[in-house]
Amino acid sequence: MSLNFEKLYAGIAPKLTNFLVAGGCDYQSACDIVQETFLRMWKRRDELVEDPAQVSGFAYTIAKNLRNDGYRKAKREVLQAEIKDSDDDGELSVPRGANAADSTFPDLPGDNEYLRKRLDAAFAQLPPLLREAYLLFQVYELPIREIAHRTNQTEANVKVRIFRAKEKLKPLLKDLL
């Protein structure tokens with residue numbers, strides 16, 4: 001007995017689309033991710049079990065991973081366009097068309113202005129070296145090795161800076177957590 005993909009799609013696709021949109025995707029991207037999710041499920045249909053809960057969980061996992069892959073890819077593309085080889089002075093480069101007053105978090109889902117201001121204020125209180133290491137690691141999702149290379153520091157030093165930044169941010173953002 002095999003899964004009825006028409007029923008499966010009709011039952012999961014709308015919920016999956018809403019899940020992705022609520023997570024910050026625009027509607028068209030969410031629809032594309034849902035389509036890719038079901039294509040991947042179709043390719044592995046022989047491995048799927050009949051339990052709807054397991055199939056649904058599998059679909060959500062695929063969709064979440066596709067969404068995250070898309071975010072990482074978009075960040076890499078933006079970073080490659082913004083960072084020039086001559087920008088090795090240890091400071092974060094400001095994107096073209098932006099100025100230093102722009103938010104550190106320009107693309108937060110839901111465009112929550114209060115949260116954006118709180119995060120910017122907390123990051124402004126960090127020493128520049130801690131802020132740089134933390135942003136490169138957490139926001140731009142660069143590996144420790146790449147951060148160490150860009151900042152001319154050891155990997156251990158980068159890890160310490162990220163840890164210290166986290167410790168300084170905890171009391172500043174404790175009411176948001």
# chains A, B, ... in the order shown; residues from 1 in each chain; ligands from 1
>>> select_by_dssp(residues="region 130-172 of chain A", states="helix (DSSP H, G or I)", output="ChimeraX atom specification")
/A:130-139,144-151,155-172
>>> residues_around(residues="Tyr60 (chain A)", least_positions_apart="2", cutoff="10 Å", atoms="only C-alpha atoms", output="compact mmCIF listing (two decimals) with C-alpha atoms, in the first residue's frame")
# COMPACT_ATOMS: atom_id res chain seq x y z
CA ILE A 12 0.12 19.32 4.42
CA ALA A 13 0.90 21.95 1.75
CA LYS A 15 -0.06 24.28 6.67
CA LEU A 16 3.53 24.05 5.49
CA THR A 17 3.15 27.24 3.46
CA PHE A 19 4.56 27.74 8.64
CA LEU A 20 7.14 29.13 6.21
CA VAL A 34 6.75 23.52 -0.52
CA THR A 37 9.74 19.58 -0.41
CA GLN A 54 5.92 10.81 10.54
CA VAL A 55 5.33 11.91 6.95
CA SER A 56 4.24 15.35 8.13
CA GLY A 57 7.31 15.66 10.35
CA PHE A 58 9.50 14.62 7.44
CA ILE A 62 12.76 19.14 4.62
CA ALA A 63 11.01 22.52 4.29
CA LYS A 64 12.83 24.00 7.28
CA ASN A 65 16.19 22.83 5.92
CA LEU A 66 15.43 24.24 2.46
>>> residues_around(residues="Pro127 (chain A)", least_positions_apart="5", cutoff="10 Å", atoms="only C-alpha atoms", output="JSON, numbers by chain")
{"A": [132, 161, 165, 168]}
>>> write_last_selection(atoms="C-alpha atoms", output="PDB file, in the first residue's frame")
ATOM      1  CA  GLU A 132      32.689  42.221  15.094  1.00  0.00           C
ATOM      2  CA  ARG A 161      35.553  37.116  21.765  1.00  0.00           C
ATOM      3  CA  ALA A 165      30.137  39.087  23.547  1.00  0.00           C
ATOM      4  CA  LYS A 168      27.881  40.882  27.811  1.00  0.00           C
TER       5      LYS A 168
END
